[in-house]
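Just below is one structure, and these are the notes that go with it.
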Amino acid sequence: MSVSAEPTSVDPRRNGSVPADTGTVRPDTLRPHAERAFADELAALAAQDDRPRPARWRLSPWAVATYLLGGTLPDGTVITPKYVGPRRVVEVAVTTLATDRALLLLGVPGTAKTWVSEHLAAAVSGDSTLLVQGTAGTPEEAIRYGWNYARLLAHGPSRDALVPSPVMRAMAEGRTARVEELTRIPADVQDSLITILSEKTLPIPELGQEVQAVRGFNLIATANDRDRGVNELSSALRRRFNTVVLPLPESPEAEVGIVTRRVEQIGRSLDLPAVPDGADEIRRVVTVFRELRDGVTADGRTKLKSPSGTLSTAEAISVVTGGLALAAHFGDGVLRAGDVAAGVLGAVVRDPAADRVVWQEYLETVVRERDGWSDFYRACREVGA
């Protein structure tokens, strides 16, 4: 049996938008796209959103920000937060998409750049799938267009033989395109975005034609600031973006809340035990990551060496999810220190030589002496032996 995820239509007389075909969600889909997973919330927001909407936007900027940050609508509908962080950061990101400037989400790995990018596109366009995944091997065709070579050889260059990129489709349909890991893409391929972002035009010289972006088009790119020197953006391209930096969670409580909420979502799709049974271990994982990341213990008394890895919130989510799976399949379903110890070790020790020294020092000088952490200390010693 399938579950329909059609979002509420938007009056085309009001803003010229056309509802996206979100298709059908299979009950066993591991990770539905944002516009499908949260279709009910998007529909509720659209139904009660009486604020002005930019051309072809499914929601007003205010409703997009509410979708990301969460809130309660006048009819009592609860919108779950998708991003926990400064409200102004989200407001600036949403406002940027309502202008003619593209949006660059920048931050260390694991600060939810991809997550925010997906949900922004889902709320604005009703479609988060117009995606270019940046890698060292991303070709120019992934951003501009390619060709169906069978048709090209048979009939020569034509629009029928042209294969549009996600960016070209977004331009033609007035939607939001996404480019992930922009700084991983070779510099000459990056620069193919300059004309698109400045002139809102994509030339097709083989046909003597061009595709002009229609109202509603914009682009969200992500990059992490640990990739400096990989393929840094040219100054010409950087000027085409408004850069918004996504920070790490401000407080341990905020980070624990993020990890708990995300692990609950992942756990439900994997039939894992309930998170409340492992609340103490989640807090310990977050504490370890924050102390090693900050280079100082939570009480500020002991300075620490930091490992080479980022120890991000996303990695904490991965460690806890892995621990829940161990507890479910090889334990009694309750998350304990022994279930997360191996994951913590793997996240901290990326460089076998330097990071292992950092971890051993932290284990012996901090974890060993901390009240109530003896079980965690023993578990870490066992997996690290």
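FYI, nothing fancy with the structure tokens labels: chains A, B, ... in order, residues from 1 per chain, ligands from 1 as they appear.
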**Message:** I'd like the contact shell of Met168 (chain A) - 9 Å cut-off, only C-alpha atoms, skipping same-chain residues fewer than 2 positions apart - returned as an MDAnalysis selection string.
**Reply:** chainID A and resid 143:145 164:166 170:173 177 202 211 213
Take the selection from the previous step and output its residues with C-alpha atoms, as a short mmCIF file (atom, residue, chain, number, x, y, z; two decimals), in the first residue's frame.
data_model
loop_
_atom_site.label_atom_id
_atom_site.label_comp_id
_atom_site.auth_asym_id
_atom_site.auth_seq_id
_atom_site.Cartn_x
_atom_site.Cartn_y
_atom_site.Cartn_z
CA ILE A 143 25.81 22.06 -14.08
CA ARG A 144 25.01 23.09 -17.67
CA TYR A 145 23.68 20.28 -19.88
CA PRO A 164 19.20 19.30 -19.12
CA SER A 165 21.07 19.50 -15.84
CA PRO A 166 19.19 20.05 -12.57
CA ALA A 170 15.37 24.84 -12.19
CA MET A 171 15.96 27.85 -14.44
CA ALA A 172 13.26 26.80 -16.89
CA GLU A 173 10.72 25.91 -14.18
CA ALA A 177 18.51 24.19 -7.55
CA LEU A 202 22.46 29.53 -19.77
CA VAL A 211 17.73 29.22 -21.54
CA ALA A 213 15.72 31.76 -15.91
#
**Message:** What's around region 79-95 of chain A at 8 Å? Count only C-alpha atoms, leave out sequence neighbours fewer than 2 positions away in its own chain, and write the answer as an NGL selection string.
**Reply:** :A and (41 or 61 or 64-73 or 77 or 97-99 or 103 or 112 or 116 or 119-120 or 244-247 or 249-250 or 254 or 258)
Any chance you can output those residues with N, CA, C and O atoms as a short mmCIF file (atom, residue, chain, number, x, y, z; two decimals), in the first residue's frame?
data_model
loop_
_atom_site.label_atom_id
_atom_site.label_comp_id
_atom_site.auth_asym_id
_atom_site.auth_seq_id
_atom_site.Cartn_x
_atom_site.Cartn_y
_atom_site.Cartn_z
N GLU A 41 2.96 18.92 7.15
CA GLU A 41 3.33 20.22 7.72
C GLU A 41 3.36 21.30 6.65
O GLU A 41 2.89 22.43 6.86
N PRO A 61 8.07 33.79 2.79
CA PRO A 61 9.32 33.68 3.55
C PRO A 61 9.09 33.42 5.04
O PRO A 61 9.83 32.66 5.66
N VAL A 64 8.29 29.76 5.42
CA VAL A 64 9.49 28.94 5.19
C VAL A 64 10.34 28.91 6.45
O VAL A 64 10.83 27.85 6.87
N ALA A 65 10.53 30.08 7.06
CA ALA A 65 11.32 30.14 8.30
C ALA A 65 10.63 29.36 9.42
O ALA A 65 11.29 28.66 10.20
N THR A 66 9.30 29.43 9.49
CA THR A 66 8.57 28.68 10.50
C THR A 66 8.72 27.19 10.28
O THR A 66 8.86 26.41 11.22
N TYR A 67 8.69 26.77 9.02
CA TYR A 67 8.88 25.36 8.68
C TYR A 67 10.23 24.85 9.17
O TYR A 67 10.34 23.75 9.72
N LEU A 68 11.28 25.66 9.00
CA LEU A 68 12.61 25.23 9.42
C LEU A 68 12.79 25.28 10.93
O LEU A 68 13.39 24.38 11.52
N LEU A 69 12.29 26.33 11.56
CA LEU A 69 12.56 26.55 12.98
C LEU A 69 11.50 25.94 13.89
O LEU A 69 11.74 25.77 15.09
N GLY A 70 10.34 25.64 13.33
CA GLY A 70 9.27 25.06 14.12
C GLY A 70 8.37 26.11 14.75
O GLY A 70 8.73 27.28 14.86
N GLY A 71 7.19 25.69 15.17
CA GLY A 71 6.25 26.59 15.80
C GLY A 71 4.87 25.96 15.84
O GLY A 71 4.68 24.82 15.40
N THR A 72 3.92 26.69 16.36
CA THR A 72 2.54 26.23 16.43
C THR A 72 1.66 27.18 15.63
O THR A 72 1.68 28.40 15.86
N LEU A 73 0.87 26.65 14.69
CA LEU A 73 0.02 27.46 13.85
C LEU A 73 -1.26 27.84 14.59
O LEU A 73 -1.60 27.24 15.62
N THR A 77 -1.82 23.27 14.84
CA THR A 77 -0.88 22.37 14.17
C THR A 77 0.55 22.67 14.62
O THR A 77 0.99 23.83 14.58
N LEU A 97 17.10 33.98 -0.75
CA LEU A 97 16.47 33.25 -1.85
C LEU A 97 15.35 34.05 -2.51
O LEU A 97 14.94 33.75 -3.63
N ALA A 98 14.85 35.07 -1.80
CA ALA A 98 13.81 35.92 -2.37
C ALA A 98 14.39 37.07 -3.18
O ALA A 98 13.64 37.88 -3.72
N THR A 99 15.73 37.16 -3.24
CA THR A 99 16.39 38.19 -4.02
C THR A 99 17.01 37.55 -5.26
O THR A 99 16.76 36.39 -5.57
N LEU A 103 22.53 31.62 -2.68
CA LEU A 103 22.83 31.40 -1.27
C LEU A 103 23.94 30.37 -1.11
O LEU A 103 23.85 29.28 -1.69
N ALA A 112 24.79 20.74 9.47
CA ALA A 112 23.45 20.63 8.87
C ALA A 112 23.29 21.47 7.61
O ALA A 112 22.17 21.86 7.27
N VAL A 116 19.70 21.73 5.84
CA VAL A 116 19.04 23.02 5.68
C VAL A 116 18.76 23.30 4.21
O VAL A 116 17.68 23.78 3.84
N HIS A 119 15.71 21.27 3.05
CA HIS A 119 14.44 21.75 3.57
C HIS A 119 14.07 23.13 3.04
O HIS A 119 12.88 23.43 2.84
N LEU A 120 15.05 23.96 2.77
CA LEU A 120 14.77 25.24 2.13
C LEU A 120 14.17 25.02 0.75
O LEU A 120 13.16 25.64 0.39
N VAL A 244 26.08 32.56 4.13
CA VAL A 244 25.52 32.43 5.48
C VAL A 244 26.28 31.31 6.18
O VAL A 244 26.33 30.18 5.68
N VAL A 245 26.87 31.62 7.31
CA VAL A 245 27.66 30.64 8.07
C VAL A 245 26.75 29.95 9.08
O VAL A 245 26.10 30.61 9.90
N LEU A 246 26.69 28.61 9.00
CA LEU A 246 25.92 27.84 9.97
C LEU A 246 26.85 27.45 11.12
O LEU A 246 27.82 26.72 10.92
N PRO A 247 26.57 27.93 12.32
CA PRO A 247 27.47 27.67 13.45
C PRO A 247 27.22 26.32 14.09
O PRO A 247 26.17 25.68 13.87
N PRO A 249 26.27 24.09 17.40
CA PRO A 249 25.32 24.39 18.48
C PRO A 249 25.97 25.17 19.61
O PRO A 249 27.09 24.87 20.03
N GLU A 250 25.27 26.17 20.13
CA GLU A 250 25.84 27.06 21.14
C GLU A 250 26.06 26.37 22.49
O GLU A 250 27.06 26.62 23.16
N ALA A 254 21.49 22.34 23.69
CA ALA A 254 21.01 22.45 22.32
C ALA A 254 21.51 21.29 21.48
O ALA A 254 20.76 20.71 20.69
N ILE A 258 19.40 18.32 19.55
CA ILE A 258 19.52 18.03 18.12
C ILE A 258 19.78 16.55 17.90
O ILE A 258 19.15 15.89 17.07
#
**Message:** So that I can check the surroundings of Leu363 (chain A), please list as a list in words every protein, DNA and RNA residue that reaches within 10 Å of it, counting only C-alpha atoms and ignoring chain neighbours fewer than 5 positions away.
**Reply:**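 Listing them by chain and then by number gives Val288, Val357, Val358, Arg368, Glu369, Arg370, Phe376, Tyr377, Arg378, Cys380 and Arg381 of chain A.
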**Test item: residues at most 9 Å from Phe289 (chain A), only C-alpha atoms, excluding those fewer than 3 positions along its chain, as a VMD selection string** = chain A and resid 284 to 286 292 to 294 310 to 313 316 344 348
**Message:** Based on the backbone DSSP call, show me all residues of region 212-273 of chain A assigned alpha helix (DSSP H), as a PyMOL selection string.
**Reply:** chain A and resi 235-238+252-270
**Asked** In Å to one decimal, how far is CA of Glu281 (chain A) from CA of Pro252 (chain A)?
**Response**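 Here the two named atoms are 13.3 Å from each other.
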**Request:** Quick one: everything within 8 Å of region 264-278 of chain A, counting only C-alpha atoms, minus sequence neighbours fewer than 5 positions away in the same chain. Send it as a ChimeraX atom specification.
**Result:** /A:30-31,321,324-325,328,333-336
**Message:** Using Å and a single decimal, report how far CA of Gly343 (chain A) sits from CA of Ser117 (chain A).
**Reply:**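 For CA of Ser117 (chain A) relative to CA of Gly343 (chain A), the distance reads 27.3 Å.
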**Asked** Quick one, how far is CA of Asn224 (chain A) from CA of Arg261 (chain A)?
**Response**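 So the answer is 23.5 Å.
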**Message:** I want to know what sits within 12 Å of Arg238 (chain A), based on only C-alpha atoms, with residues of the same chain fewer than 4 positions away left out; could you give that as a list in words?
**Reply:**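 In the requested format, the answer is Arg101, Ala102, Leu103, Leu104, Leu105, Leu106, Leu182, Thr183, Ala187, Gln190, Asp191, Leu193, Ile194, Leu197, Ser198, Ala221, Ala223, Glu232, Leu233, Ser234, Asn242 and Thr243 of chain A.
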